[in-house]
Each structure stands twice: as structure tokens, then as C-alpha cells.
$ cat model25.csv   # CSV, C-alpha atoms
chain,number,residue,atom,x,y,z
A,2,MET,CA,28.9,44.1,40.2
A,3,SER,CA,25.7,42.2,40.5
A,4,SER,CA,23.5,42.7,43.5
A,5,ASN,CA,22.8,39.0,43.6
A,6,PRO,CA,25.4,36.5,44.6
A,7,ALA,CA,25.9,33.4,42.4
A,8,PRO,CA,23.3,30.7,43.1
A,9,ILE,CA,24.2,27.8,45.3
A,10,LYS,CA,24.9,24.8,43.1
A,11,VAL,CA,23.3,21.6,44.2
A,12,GLY,CA,24.1,18.4,42.4
A,13,ALA,CA,21.9,15.4,43.1
A,14,VAL,CA,23.3,11.9,42.2
A,15,LEU,CA,21.0,9.4,40.5
A,16,PHE,CA,21.6,5.6,40.0
A,17,THR,CA,19.2,2.8,39.0
A,18,GLY,CA,17.2,1.9,42.1
A,19,PHE,CA,17.6,5.3,43.9
A,20,GLU,CA,14.9,6.1,46.5
A,21,LEU,CA,12.5,8.8,45.3
A,22,LEU,CA,12.1,10.8,48.5
A,23,ASP,CA,15.8,10.7,49.3
A,24,VAL,CA,16.3,12.9,46.3
A,25,PHE,CA,13.2,14.9,45.9
A,26,GLY,CA,12.6,15.7,49.6
A,27,PRO,CA,15.8,17.7,49.9
A,28,LEU,CA,15.5,19.2,46.4
A,29,GLU,CA,12.0,20.4,47.2
A,30,LEU,CA,13.4,22.4,50.1
A,31,PHE,CA,16.4,23.7,48.3
A,32,GLY,CA,14.0,24.6,45.5
A,33,MET,CA,12.1,26.9,47.9
A,34,LEU,CA,15.1,29.2,47.8
A,35,GLY,CA,14.2,30.1,44.2
A,36,GLU,CA,17.0,31.9,42.3
A,37,ARG,CA,19.4,31.5,45.2
A,38,VAL,CA,19.8,27.8,44.2
A,39,ALA,CA,20.5,26.0,40.9
A,40,ILE,CA,19.8,22.2,40.8
A,41,THR,CA,21.5,19.7,38.5
A,42,MET,CA,20.8,16.0,38.2
A,43,LEU,CA,23.9,13.9,37.9
A,44,ALA,CA,24.6,10.2,37.2
A,45,GLU,CA,27.4,8.0,36.0
A,46,ASN,CA,26.0,8.7,32.5
A,47,ARG,CA,23.5,11.2,31.3
A,48,GLY,CA,20.0,10.1,30.5
A,49,SER,CA,16.9,8.6,32.2
A,50,ILE,CA,17.4,6.7,35.4
A,51,ARG,CA,14.7,4.5,37.0
A,52,SER,CA,14.1,4.8,40.7
A,53,HIS,CA,13.4,1.8,43.0
A,54,GLN,CA,9.7,2.8,43.0
A,55,GLY,CA,9.5,2.8,39.2
A,56,PRO,CA,9.4,6.4,38.1
A,57,ALA,CA,12.4,7.5,35.9
A,58,CYS,CA,14.1,10.8,36.2
A,59,VAL,CA,16.6,12.5,33.9
A,60,ALA,CA,20.3,13.0,34.7
A,61,ASP,CA,21.2,16.3,32.9
A,62,GLU,CA,24.9,15.8,33.2
A,63,ALA,CA,27.5,13.0,33.8
A,64,LEU,CA,28.9,13.0,37.4
A,65,ALA,CA,32.4,13.3,36.0
A,66,GLY,CA,31.5,16.6,34.3
A,67,ALA,CA,30.3,18.3,37.5
A,68,HIS,CA,32.3,21.2,38.9
A,69,GLY,CA,31.8,24.0,41.4
A,70,LEU,CA,29.2,22.1,43.5
A,71,ASP,CA,28.3,23.7,46.8
A,72,VAL,CA,26.2,20.6,47.7
A,73,LEU,CA,26.7,17.0,46.5
A,74,LEU,CA,23.5,15.1,47.4
A,75,ILE,CA,23.8,11.3,47.6
A,76,PRO,CA,20.6,9.4,48.0
A,77,GLY,CA,20.1,5.8,49.2
A,78,GLY,CA,17.8,3.1,47.9
A,79,GLN,CA,18.2,-0.6,46.9
A,80,GLY,CA,20.5,0.5,44.1
A,81,THR,CA,23.2,1.3,46.6
A,82,ARG,CA,23.7,-2.5,47.2
A,83,ARG,CA,24.8,-2.8,43.5
A,84,GLU,CA,26.8,0.5,43.3
A,85,VAL,CA,29.1,-0.3,46.2
A,86,SER,CA,30.7,-2.8,43.8
A,87,ASN,CA,30.9,-0.3,40.9
A,88,GLN,CA,34.5,0.9,41.4
A,89,PRO,CA,34.5,3.5,38.5
A,90,PHE,CA,31.4,5.1,40.0
A,91,LEU,CA,32.8,5.0,43.6
A,92,ASP,CA,36.0,6.7,42.3
A,93,GLU,CA,34.1,9.5,40.7
A,94,LEU,CA,31.9,9.9,43.7
A,95,ARG,CA,35.0,10.2,45.9
A,96,ARG,CA,36.5,12.8,43.5
A,97,GLN,CA,33.3,14.9,43.5
A,98,SER,CA,33.0,14.5,47.3
A,99,ASP,CA,36.6,15.8,47.8
A,100,LYS,CA,35.8,18.8,45.6
A,101,ALA,CA,32.3,19.8,46.9
A,102,ARG,CA,31.8,22.5,49.5
A,103,PHE,CA,29.3,20.2,51.4
A,104,VAL,CA,28.4,16.6,50.9
A,105,ALA,CA,24.9,15.5,52.0
A,106,THR,CA,23.7,11.9,52.1
A,107,VAL,CA,20.2,10.5,52.8
A,108,CYS,CA,19.4,7.0,54.0
A,109,THR,CA,21.8,4.3,52.7
A,110,GLY,CA,23.6,7.0,50.7
A,111,SER,CA,26.0,7.2,53.6
A,112,GLY,CA,26.9,3.6,53.1
A,113,LEU,CA,27.7,4.4,49.5
A,114,LEU,CA,29.8,7.4,50.5
A,115,ALA,CA,31.5,5.4,53.3
A,116,LYS,CA,32.6,2.8,50.7
A,117,THR,CA,34.6,5.4,49.0
A,118,GLY,CA,36.5,6.1,52.2
A,119,ALA,CA,35.5,9.7,52.3
A,120,LEU,CA,33.8,9.3,55.7
A,121,ASP,CA,36.7,7.6,57.4
A,122,GLY,CA,37.2,9.1,60.9
A,123,MET,CA,34.0,11.2,60.5
A,124,ARG,CA,30.7,11.0,62.5
A,125,ALA,CA,27.8,9.8,60.3
A,126,THR,CA,24.4,8.2,60.5
A,127,SER,CA,22.2,6.2,58.1
A,128,ASN,CA,18.8,4.5,57.6
A,129,LYS,CA,17.7,2.7,60.8
A,130,PHE,CA,16.2,-0.3,59.0
A,131,SER,CA,19.5,-0.9,57.1
A,132,PHE,CA,21.9,0.4,59.6
A,133,LYS,CA,24.1,-2.7,59.8
A,134,TRP,CA,24.6,-2.7,56.0
A,135,ALA,CA,25.7,0.9,56.1
A,136,VAL,CA,28.1,0.2,59.0
A,137,SER,CA,29.6,-2.7,57.0
A,138,GLN,CA,30.5,-0.4,54.2
A,139,GLY,CA,32.7,1.9,56.3
A,140,PRO,CA,34.4,0.2,59.3
A,141,ARG,CA,36.5,3.4,60.1
A,142,VAL,CA,33.4,5.7,60.2
A,143,LYS,CA,32.2,6.8,63.6
A,144,TRP,CA,28.7,5.7,63.1
A,145,VAL,CA,26.0,7.4,65.2
A,146,ALA,CA,23.0,5.0,65.7
A,147,ALA,CA,20.5,7.5,67.1
A,148,ALA,CA,20.2,10.8,65.2
A,149,ARG,CA,17.9,12.4,62.8
A,150,TRP,CA,20.9,13.7,61.0
A,151,VAL,CA,24.6,14.2,61.9
A,152,GLU,CA,26.8,17.2,60.9
A,153,ASP,CA,30.6,16.7,61.0
A,154,GLY,CA,32.5,19.5,59.2
A,155,ARG,CA,31.3,19.6,55.6
A,156,PHE,CA,29.6,16.2,55.8
A,157,PHE,CA,25.8,16.1,56.5
A,158,THR,CA,24.4,12.5,56.8
A,159,SER,CA,20.8,11.7,57.5
A,160,SER,CA,18.7,8.9,58.7
A,161,GLY,CA,16.2,7.2,56.4
A,162,VAL,CA,14.2,8.7,53.6
A,163,SER,CA,12.1,11.5,55.1
A,164,ALA,CA,15.0,12.5,57.4
A,165,GLY,CA,16.7,14.0,54.3
A,166,MET,CA,14.2,16.9,54.5
A,167,ASP,CA,15.2,17.7,58.1
A,168,MET,CA,18.9,17.5,57.2
A,169,ALA,CA,18.4,19.7,54.1
A,170,LEU,CA,16.9,22.4,56.3
A,171,GLY,CA,19.9,22.0,58.6
A,172,LEU,CA,22.2,22.5,55.7
A,173,ILE,CA,20.2,25.5,54.5
A,174,ALA,CA,20.6,27.0,58.0
A,175,ARG,CA,24.3,26.4,57.8
A,176,MET,CA,24.7,28.0,54.3
A,177,PHE,CA,22.1,30.8,54.9
A,178,ASP,CA,20.5,31.1,58.3
A,179,LYS,CA,17.9,29.5,60.4
A,180,GLU,CA,15.2,31.9,59.4
A,181,THR,CA,15.7,30.9,55.7
A,182,SER,CA,15.1,27.3,56.7
A,183,ILE,CA,12.0,28.1,58.7
A,184,LYS,CA,10.6,30.0,55.7
A,185,ALA,CA,11.4,27.1,53.3
A,186,ALA,CA,9.7,24.6,55.6
A,187,GLU,CA,6.6,26.8,56.0
A,188,HIS,CA,6.2,27.2,52.2
A,189,ALA,CA,6.4,23.4,51.9
A,190,GLU,CA,3.9,23.2,54.8
A,191,TYR,CA,6.4,21.0,56.4
A,192,GLU,CA,7.0,20.6,60.1
A,193,TRP,CA,10.8,20.7,60.5
A,194,HIS,CA,12.2,18.4,63.1
A,195,GLN,CA,14.9,20.8,64.2
A,196,ASP,CA,16.3,18.5,66.9
A,197,ARG,CA,19.1,16.4,65.3
A,198,ASP,CA,18.8,13.9,68.2
A,199,TRP,CA,15.1,13.2,67.5
A,200,ASP,CA,15.1,9.6,66.3
A,201,PRO,CA,12.2,7.3,67.2
A,202,PHE,CA,13.2,5.0,64.4
A,203,ALA,CA,16.5,4.1,66.1
A,204,LYS,CA,14.5,2.9,69.1
A,205,LEU,CA,12.0,1.0,66.8
A,206,ASN,CA,15.0,-1.0,65.5
A,207,GLY,CA,16.7,-1.6,68.8
A,208,LEU,CA,19.5,0.8,68.0
A,209,ALA,CA,18.9,3.1,71.0
B,1,MET,CA,-5.9,-18.5,40.8
B,2,SER,CA,-3.1,-16.3,42.1
B,3,SER,CA,-2.7,-15.9,45.9
B,4,ASN,CA,-1.8,-12.3,45.3
B,5,PRO,CA,-4.5,-9.7,44.3
B,6,ALA,CA,-3.7,-7.5,41.3
B,7,PRO,CA,-1.6,-4.5,42.4
B,8,ILE,CA,-3.2,-1.2,43.1
B,9,LYS,CA,-2.6,1.0,40.0
B,10,VAL,CA,-1.4,4.6,40.8
B,11,GLY,CA,-1.1,7.1,38.0
B,12,ALA,CA,0.7,10.3,38.7
B,13,VAL,CA,0.1,13.3,36.4
B,14,LEU,CA,3.1,15.4,35.3
B,15,PHE,CA,3.0,18.8,33.5
B,16,THR,CA,5.8,21.4,33.0
B,17,GLY,CA,6.3,23.2,36.3
B,18,PHE,CA,4.9,20.5,38.6
B,19,GLU,CA,6.0,20.6,42.2
B,20,LEU,CA,8.5,17.8,43.0
B,21,LEU,CA,7.4,16.8,46.5
B,22,ASP,CA,3.7,16.9,45.5
B,23,VAL,CA,4.5,13.9,43.2
B,24,PHE,CA,7.3,12.1,44.9
B,25,GLY,CA,6.1,12.4,48.6
B,26,PRO,CA,3.0,10.4,47.9
B,27,LEU,CA,4.7,8.0,45.5
B,28,GLU,CA,7.4,7.2,48.0
B,29,LEU,CA,4.7,6.1,50.5
B,30,PHE,CA,2.8,4.1,47.9
B,31,GLY,CA,6.1,2.6,46.9
B,32,MET,CA,6.5,1.3,50.4
B,33,LEU,CA,3.7,-1.2,49.6
B,34,GLY,CA,6.1,-3.0,47.2
B,35,GLU,CA,4.4,-5.4,44.8
B,36,ARG,CA,1.0,-4.4,46.1
B,37,VAL,CA,1.3,-1.2,44.0
B,38,ALA,CA,2.2,-0.4,40.4
B,39,ILE,CA,3.1,3.2,39.7
B,40,THR,CA,2.8,4.9,36.2
B,41,MET,CA,3.9,8.4,35.3
B,42,LEU,CA,1.4,10.2,33.0
B,43,ALA,CA,1.3,13.4,31.1
B,44,GLU,CA,-0.5,15.0,28.2
B,45,ASN,CA,2.2,13.5,26.0
B,46,ARG,CA,4.9,10.9,26.8
B,47,GLY,CA,8.4,12.0,27.4
B,48,SER,CA,10.5,14.1,29.8
B,49,ILE,CA,8.7,16.8,31.8
B,50,ARG,CA,10.6,19.5,33.7
B,51,SER,CA,9.5,20.3,37.3
B,52,HIS,CA,9.2,23.8,38.7
B,53,GLN,CA,12.5,23.2,40.6
B,54,GLY,CA,14.4,22.1,37.5
B,55,PRO,CA,14.8,18.3,37.6
B,56,ALA,CA,13.0,16.5,34.7
B,57,CYS,CA,11.1,13.3,35.1
B,58,VAL,CA,9.7,10.8,32.5
B,59,ALA,CA,6.1,10.3,31.6
B,60,ASP,CA,5.8,6.7,30.6
B,61,GLU,CA,2.4,7.0,29.1
B,62,ALA,CA,0.0,9.6,27.7
B,63,LEU,CA,-2.8,10.5,30.1
B,64,ALA,CA,-5.4,9.6,27.4
B,65,GLY,CA,-4.0,6.0,27.4
B,66,ALA,CA,-4.4,5.4,31.1
B,67,HIS,CA,-7.1,2.9,32.2
B,68,GLY,CA,-8.0,0.9,35.3
B,69,LEU,CA,-6.4,3.5,37.6
B,70,ASP,CA,-7.1,2.9,41.3
B,71,VAL,CA,-5.5,6.3,42.2
B,72,LEU,CA,-5.2,9.3,39.9
B,73,LEU,CA,-2.6,11.6,41.6
B,74,ILE,CA,-2.7,15.3,40.6
B,75,PRO,CA,0.1,17.5,41.9
B,76,GLY,CA,0.3,21.3,42.1
B,77,GLY,CA,3.1,23.7,41.2
B,78,GLN,CA,3.4,26.9,39.2
B,79,GLY,CA,2.5,24.9,36.1
B,80,THR,CA,-1.1,24.7,37.3
B,81,ARG,CA,-1.5,28.4,36.5
B,82,ARG,CA,-0.9,27.6,32.8
B,83,GLU,CA,-2.7,24.3,32.7
B,84,VAL,CA,-6.0,25.7,33.9
B,85,SER,CA,-6.2,27.3,30.4
B,86,ASN,CA,-5.3,24.1,28.6
B,87,GLN,CA,-8.8,22.8,27.7
B,88,PRO,CA,-7.7,19.6,26.0
B,89,PHE,CA,-5.7,18.7,29.1
B,90,LEU,CA,-8.5,19.6,31.4
B,91,ASP,CA,-11.0,17.5,29.4
B,92,GLU,CA,-8.7,14.5,29.6
B,93,LEU,CA,-8.1,15.1,33.3
B,94,ARG,CA,-11.9,15.1,33.8
B,95,ARG,CA,-12.3,12.0,31.8
B,96,GLN,CA,-9.7,10.2,33.9
B,97,SER,CA,-11.0,11.6,37.1
B,98,ASP,CA,-14.5,10.2,36.3
B,99,LYS,CA,-13.0,6.8,35.7
B,100,ALA,CA,-10.5,6.4,38.6
B,101,ARG,CA,-11.5,4.6,41.8
B,102,PHE,CA,-9.9,7.4,43.8
B,103,VAL,CA,-8.7,10.9,42.8
B,104,ALA,CA,-6.0,12.5,45.0
B,105,THR,CA,-4.7,16.0,44.7
B,106,VAL,CA,-1.8,17.8,46.4
B,107,CYS,CA,-1.4,21.5,46.8
B,108,THR,CA,-2.8,23.6,43.9
B,109,GLY,CA,-3.6,20.3,42.1
B,110,SER,CA,-7.1,20.7,43.6
B,111,GLY,CA,-7.4,24.0,41.8
B,112,LEU,CA,-6.6,22.2,38.5
B,113,LEU,CA,-9.1,19.5,39.3
B,114,ALA,CA,-11.7,22.1,40.4
B,115,LYS,CA,-11.4,23.8,37.0
B,116,THR,CA,-12.6,20.6,35.3
B,117,GLY,CA,-15.8,20.7,37.4
B,118,ALA,CA,-15.1,17.3,39.0
B,119,LEU,CA,-15.1,18.8,42.5
B,120,ASP,CA,-18.4,20.7,42.2
B,121,GLY,CA,-20.4,20.2,45.4
B,122,MET,CA,-17.6,18.3,47.0
B,123,ARG,CA,-15.5,19.3,50.1
B,124,ALA,CA,-11.9,20.0,49.2
B,125,THR,CA,-8.8,21.8,50.4
B,126,SER,CA,-5.6,23.2,48.8
B,127,ASN,CA,-2.3,24.9,49.5
B,128,LYS,CA,-2.6,27.6,52.2
B,129,PHE,CA,-0.2,30.1,50.5
B,130,SER,CA,-2.3,30.0,47.2
B,131,PHE,CA,-5.7,29.3,48.7
B,132,LYS,CA,-7.5,32.1,47.0
B,133,TRP,CA,-6.2,31.0,43.6
B,134,ALA,CA,-7.6,27.5,44.1
B,135,VAL,CA,-10.9,28.8,45.3
B,136,SER,CA,-11.2,31.0,42.2
B,137,GLN,CA,-10.9,27.9,40.0
B,138,GLY,CA,-13.9,26.2,41.5
B,139,PRO,CA,-16.7,28.5,42.8
B,140,ARG,CA,-19.0,25.5,43.3
B,141,VAL,CA,-16.5,23.5,45.4
B,142,LYS,CA,-17.1,23.5,49.2
B,143,TRP,CA,-13.6,24.7,50.1
B,144,VAL,CA,-12.3,23.8,53.5
B,145,ALA,CA,-9.7,26.4,54.7
B,146,ALA,CA,-8.2,24.6,57.6
B,147,ALA,CA,-7.4,20.9,57.0
B,148,ARG,CA,-4.2,18.9,56.5
B,149,TRP,CA,-6.3,16.9,54.0
B,150,VAL,CA,-10.0,16.4,53.2
B,151,GLU,CA,-11.7,13.2,52.2
B,152,ASP,CA,-15.1,13.4,50.4
B,153,GLY,CA,-16.2,10.1,48.9
B,154,ARG,CA,-13.5,9.0,46.4
B,155,PHE,CA,-11.8,12.5,46.4
B,156,PHE,CA,-8.8,13.1,48.6
B,157,THR,CA,-7.5,16.6,48.5
B,158,SER,CA,-4.5,17.8,50.5
B,159,SER,CA,-3.0,21.1,51.7
B,160,GLY,CA,0.4,22.2,50.4
B,161,VAL,CA,3.4,20.1,49.3
B,162,SER,CA,4.4,17.9,52.2
B,163,ALA,CA,0.7,17.5,53.2
B,164,GLY,CA,0.4,15.1,50.3
B,165,MET,CA,2.4,12.5,52.3
B,166,ASP,CA,-0.1,12.6,55.1
B,167,MET,CA,-3.0,12.4,52.7
B,168,ALA,CA,-1.3,9.4,50.8
B,169,LEU,CA,-1.1,7.6,54.2
B,170,GLY,CA,-4.8,8.4,54.7
B,171,LEU,CA,-5.6,6.9,51.3
B,172,ILE,CA,-3.5,3.8,52.0
B,173,ALA,CA,-5.5,3.4,55.2
B,174,ARG,CA,-8.7,3.6,53.2
B,175,MET,CA,-7.6,1.1,50.6
B,176,PHE,CA,-5.8,-1.3,52.9
B,177,ASP,CA,-5.9,-0.5,56.6
B,178,LYS,CA,-4.3,1.8,59.2
B,179,GLU,CA,-1.6,-0.6,60.2
B,180,THR,CA,-0.4,-0.7,56.6
B,181,SER,CA,-0.1,3.1,56.6
B,182,ILE,CA,1.8,3.1,59.9
B,183,LYS,CA,4.3,0.5,58.6
B,184,ALA,CA,4.7,2.5,55.3
B,185,ALA,CA,5.4,5.7,57.4
B,186,GLU,CA,7.8,3.9,59.7
B,187,HIS,CA,9.9,2.5,56.8
B,188,ALA,CA,10.1,6.1,55.3
B,189,GLU,CA,11.1,7.2,58.9
B,190,TYR,CA,8.2,9.6,58.5
B,191,GLU,CA,6.1,11.0,61.4
B,192,TRP,CA,2.6,10.8,60.0
B,193,HIS,CA,0.2,13.6,60.9
B,194,GLN,CA,-2.8,11.4,61.3
B,195,ASP,CA,-5.1,14.2,62.3
B,196,ARG,CA,-6.8,15.6,59.2
B,197,ASP,CA,-7.6,18.8,61.1
B,198,TRP,CA,-4.0,19.6,62.0
B,199,ASP,CA,-3.2,22.7,60.0
B,200,PRO,CA,-0.8,25.3,61.4
B,201,PHE,CA,-0.3,26.7,57.9
B,202,ALA,CA,-3.9,27.8,57.6
B,203,LYS,CA,-3.4,29.9,60.8
B,204,LEU,CA,-0.1,31.3,59.4
B,205,ASN,CA,-2.0,32.6,56.4
B,206,GLY,CA,-5.0,34.0,58.3
B,207,LEU,CA,-7.3,31.3,57.0
B,208,ALA,CA,-8.2,29.9,60.5

$ encode --input "model25.csv" --output "C-alpha cells"
Amino acid sequence: MSSNPAPIKVGAVLFTGFELLDVFGPLELFGMLGERVAITMLAENRGSIRSHQGPACVADEALAGAHGLDVLLIPGGQGTRREVSNQPFLDELRRQSDKARFVATVCTGSGLLAKTGALDGMRATSNKFSFKWAVSQGPRVKWVAAARWVEDGRFFTSSGVSAGMDMALGLIARMFDKETSIKAAEHAEYEWHQDRDWDPFAKLNGLA
Amino acid sequence: MSSNPAPIKVGAVLFTGFELLDVFGPLELFGMLGERVAITMLAENRGSIRSHQGPACVADEALAGAHGLDVLLIPGGQGTRREVSNQPFLDELRRQSDKARFVATVCTGSGLLAKTGALDGMRATSNKFSFKWAVSQGPRVKWVAAARWVEDGRFFTSSGVSAGMDMALGLIARMFDKETSIKAAEHAEYEWHQDRDWDPFAKLNGLA
């Protein structure tokens, strides 16, 4: 018997036009857990994938090949507008979402997940500058307009871009404990917004 | 004559073991400027470069081939401990630093830049959990222990990891104006720490 449990497997989904911080904010914080976490980059096909901002990152594995994920991380970005019409990708996203222990979305990633039907009947939030678009992708989702992030069972959905970092710390607290999240935030010199209801950006967009 | 000025050229430096958020936090915020900014990923050699956390990203261009940079962005991460002994890389980093309009470092990236001598006589800060290491790389730098970020002429140096986002907004304010930074932060749903002297992490590490 090993004294160390198996690492938490985090799989982050890339697609052309993904939003950089949606992916790398949460992964930075998961990365603070060191050997307790193993990160894999996933996409419809392996290879390099260009973000909305320009930089390209490498998908190590095809989404269809992923298994045993503790966390499926789905970012947003302009590319979601195209991917909601990519049925094979949506089917695989749904299959992975059904299998993963936790599913976490950032920004318009919740719109993409909603389009698969996986969020039907669940409480969820999304980017506050594209909230109507997200809502239009999942009419049976219980959308929450004002929230930094929302937890409903094994689904963690966050507000826009940087909100993914606060949500990731919430998810780390769920999987480990709050002290682990506080340490991860400190080492990233990040001020964690622990209050899930903190959302000045909903007000800014007339959503609260 | 075009009605639009040429985009601001931002070059981000990658090396094996770079810290994800050091790179992608600032690039997310620069990316919010849309067509006013063009981002290039640089490394000693072109190709895919693995971060400290695992994910690999693509360097589009060799560092030696970069020219006309408005911002040279230098991240930190465990890889800095190796790169301070890589003299050809340090020489090229110094050459690019001398040419760039602004040089911005995140976390232990200031230790790497200090090793080139470019920060001699300048005020600079660094990660608060690895501060002594950074200081040891540049004995002639005027190190500032407590600061979210430090501006000295064309050099912007930030504290650890997430501090790079606050610094990037400070640099955007310098290059454009404060309103542009506020809008970029809002669209990233990010709460900008505008106070350069805000640094609870210095206190946490007995540096203030």
C-alpha cells in the first residue's frame, strides 16, 4: 500500500478560440496542489489549439480517450459560439460530463455544457457580459444571474473569466478542505473571493 | 493613412517549467484590447514548451527573431532556477530587454531578468515566497520587499503569480489610459488591485 492516494485527475478541454484565463486560472490553482493533482489537456483531436487571444496550447489527448477524470474543466471563449453547432463534439462532451466526478465550467463554457443537456434542471451561472447567449443554449437550466460561482451537486459553474479561479478554489475546498484552498491561493498570491454571491459584474450588466 | 494605429506588440517568453498564470494572466488582460494588441509567444527555440504545471504551449517564434516589441513579458516558475545558468538564453533576454519599449516580469521572472544585469540600479519586486532567491540573482537591484508591483521607468516587475494581472493593468494604463485598464478588468470580471503598495503576501512571509 502506498502512503499517497492517487492524484486527482483534472482534464481541461481546449477548442479553437478558447479563452486563456478560463483554462489557466483554474489550472494554476490546481497545480498548486503539486503531486496531489495530474493535469491533462484534452480536445476533439490531439495537437495544438489556438486560443481566442492568439497563443496556441497543446492537447495531449483526444477528449474521447479520457477516462477516470475527477474534474472535467470546460472553458468559454468566442469558440463556444461555433462549438455549440459541432454535434460530435457536444456528444463527446456529454459522455465525458456524465462520467466525470465533477464538472466545472468557466464563463460561456456553461453555455456549451448546457447545449449538451447535461445541466437540465440544475442551477448554473455564466459570464455576465454574454449571459443571454448562455441562457439561450439551455432553456431548462435554472440560470442564476448574480453569483461568482454556483455549486449544484457535482456541477460547478462560474461567472466570467477570472471567476474560474474563485470557483476552482471552491472545488478544491470540496475535494480536499478549505485550508488547502487558502494555501493554494496564498502561494499564487491571489485574494480568493470566498463568497459565492459576490458579483459586481451582474450589477454592471443590469442582471441584479 | 490608416485610421487605426499599429497594434501594440506583446512578446511573452516561455521556457520549460514556466508558471502558467504568470504568462496567461497578463495575456488575458492584454487580449481584452482586441485588435489594439498583437501577442507572440517566444522561446529560445520555436516549438512546444511544457509549463511547471504540465500543460504545454507553443512558442511561435525564437526569442532571437523578435523585433519591435512594445512589451517583453518574462514569467517566473521553477524553470527560472535552471535558466539563470543558461548564458546564451540570458544574453538574448538581455538583448531583447534592451530593445523593448517596456519590460514586464511576473514572480521570479524578475530574478531571471536581474541575472542579465538589466535591472541593475533599478527598483524591482518579485514573488514573496521566493524573494531571497530573486534578490540573490541581482545584488545591485534596489529590491522592494512589499509591493504588488513596481514601476521604474520602462521596467514593470510584479509580485507572485496573480500579481502579474494587476501589473498588466498598470502597464495598460501607462500605454493607453486608466479607463482602458478598468474596462479590460471588467470584461475579465476581475477586481483590479490598483494600489501598487497592497501586499498582504509580503507580511505573510515576514518581509513587511

$ residues_around --input "model25.csv" --residues "Val142 (chain A)" --least-positions-apart "2" --cutoff "6 Å" --atoms "all atoms listed in the file" --output "list in words"
Leu120, Asp121, Gly122, Met123, Gly139, Pro140 and Trp144 of chain A

$ residues_around --input "model25.csv" --residues "Thr105 (chain B)" --least-positions-apart "2" --cutoff "7 Å" --atoms "all atoms listed in the file" --output "mmCIF file with C-alpha atoms, in the coordinates of the input"
data_model
loop_
_atom_site.group_PDB
_atom_site.id
_atom_site.type_symbol
_atom_site.label_atom_id
_atom_site.label_comp_id
_atom_site.auth_asym_id
_atom_site.auth_seq_id
_atom_site.Cartn_x
_atom_site.Cartn_y
_atom_site.Cartn_z
ATOM 1 C CA LEU B 73 -2.600 11.600 41.600
ATOM 2 C CA ILE B 74 -2.700 15.300 40.600
ATOM 3 C CA PRO B 75 0.100 17.500 41.900
ATOM 4 C CA VAL B 103 -8.700 10.900 42.800
ATOM 5 C CA CYS B 107 -1.400 21.500 46.800
ATOM 6 C CA GLY B 109 -3.600 20.300 42.100
ATOM 7 C CA SER B 110 -7.100 20.700 43.600
ATOM 8 C CA PHE B 156 -8.800 13.100 48.600
ATOM 9 C CA THR B 157 -7.500 16.600 48.500
ATOM 10 C CA SER B 158 -4.500 17.800 50.500
#

$ closest_atom_pairs --input "model25.csv" --of "chain A" --to "chain B" --cutoff "7 Å" --atoms "all atoms listed in the file" --output "JSON lines"
{"residue": "A:Leu21", "atom": "CA", "partner": "B:Glu28", "partner_atom": "CA", "distance": 6.0}
{"residue": "A:Leu22", "atom": "CA", "partner": "B:Glu28", "partner_atom": "CA", "distance": 5.9}
{"residue": "A:Phe25", "atom": "CA", "partner": "B:Leu21", "partner_atom": "CA", "distance": 6.1}
{"residue": "A:Gly26", "atom": "CA", "partner": "B:Leu21", "partner_atom": "CA", "distance": 6.2}
{"residue": "A:Glu29", "atom": "CA", "partner": "B:Leu21", "partner_atom": "CA", "distance": 5.9}
{"residue": "A:Gly32", "atom": "CA", "partner": "B:Gln53", "partner_atom": "CA", "distance": 5.3}
{"residue": "A:Ile40", "atom": "CA", "partner": "B:Gly54", "partner_atom": "CA", "distance": 6.3}
{"residue": "A:Thr41", "atom": "CA", "partner": "B:Pro55", "partner_atom": "CA", "distance": 6.9}
{"residue": "A:Met42", "atom": "CA", "partner": "B:Pro55", "partner_atom": "CA", "distance": 6.5}
{"residue": "A:Gln54", "atom": "CA", "partner": "B:Gly31", "partner_atom": "CA", "distance": 5.3}
{"residue": "A:Gly55", "atom": "CA", "partner": "B:Ile39", "partner_atom": "CA", "distance": 6.4}
{"residue": "A:Pro56", "atom": "CA", "partner": "B:Met41", "partner_atom": "CA", "distance": 6.5}
{"residue": "A:Ala57", "atom": "CA", "partner": "B:Val58", "partner_atom": "CA", "distance": 5.5}
{"residue": "A:Cys58", "atom": "CA", "partner": "B:Cys57", "partner_atom": "CA", "distance": 4.1}
{"residue": "A:Val59", "atom": "CA", "partner": "B:Ala56", "partner_atom": "CA", "distance": 5.4}
{"residue": "A:Gly161", "atom": "CA", "partner": "B:Glu189", "partner_atom": "CA", "distance": 5.7}
{"residue": "A:Val162", "atom": "CA", "partner": "B:Ala188", "partner_atom": "CA", "distance": 5.1}
{"residue": "A:Ser163", "atom": "CA", "partner": "B:Tyr190", "partner_atom": "CA", "distance": 5.5}
{"residue": "A:Ala164", "atom": "CA", "partner": "B:Glu189", "partner_atom": "CA", "distance": 6.7}
{"residue": "A:Ala189", "atom": "CA", "partner": "B:Val161", "partner_atom": "CA", "distance": 5.2}
{"residue": "A:Glu190", "atom": "CA", "partner": "B:Gly160", "partner_atom": "CA", "distance": 5.7}
{"residue": "A:Tyr191", "atom": "CA", "partner": "B:Ser162", "partner_atom": "CA", "distance": 5.6}
{"residue": "A:Phe202", "atom": "CA", "partner": "B:Glu189", "partner_atom": "CA", "distance": 6.3}

$ write_last_selection --input "model25.csv" --atoms "C-alpha atoms" --output "short mmCIF file (atom, residue, chain, number, x, y, z; two decimals), in the coordinates of the input"
data_model
loop_
_atom_site.label_atom_id
_atom_site.label_comp_id
_atom_site.auth_asym_id
_atom_site.auth_seq_id
_atom_site.Cartn_x
_atom_site.Cartn_y
_atom_site.Cartn_z
CA LEU A 21 12.50 8.80 45.30
CA LEU A 22 12.10 10.80 48.50
CA PHE A 25 13.20 14.90 45.90
CA GLY A 26 12.60 15.70 49.60
CA GLU A 29 12.00 20.40 47.20
CA GLY A 32 14.00 24.60 45.50
CA ILE A 40 19.80 22.20 40.80
CA THR A 41 21.50 19.70 38.50
CA MET A 42 20.80 16.00 38.20
CA GLN A 54 9.70 2.80 43.00
CA GLY A 55 9.50 2.80 39.20
CA PRO A 56 9.40 6.40 38.10
CA ALA A 57 12.40 7.50 35.90
CA CYS A 58 14.10 10.80 36.20
CA VAL A 59 16.60 12.50 33.90
CA GLY A 161 16.20 7.20 56.40
CA VAL A 162 14.20 8.70 53.60
CA SER A 163 12.10 11.50 55.10
CA ALA A 164 15.00 12.50 57.40
CA ALA A 189 6.40 23.40 51.90
CA GLU A 190 3.90 23.20 54.80
CA TYR A 191 6.40 21.00 56.40
CA PHE A 202 13.20 5.00 64.40
#

$ residues_around --input "model25.csv" --residues "Phe155 (chain B)" --least-positions-apart "3" --cutoff "6 Å" --atoms "all atoms listed in the file" --output "compact mmCIF listing (two decimals) with C-alpha atoms, in the frame of the given file"
# COMPACT_ATOMS: atom_id res chain seq x y z
CA VAL B 103 -8.70 10.90 42.80
CA ALA B 104 -6.00 12.50 45.00
CA GLU B 151 -11.70 13.20 52.20
CA ASP B 152 -15.10 13.40 50.40

$ atom_distance --input "model25.csv" --atom1 "CA of Ala115 (chain A)" --atom2 "CA of Ser131 (chain A)"
14.1 Å
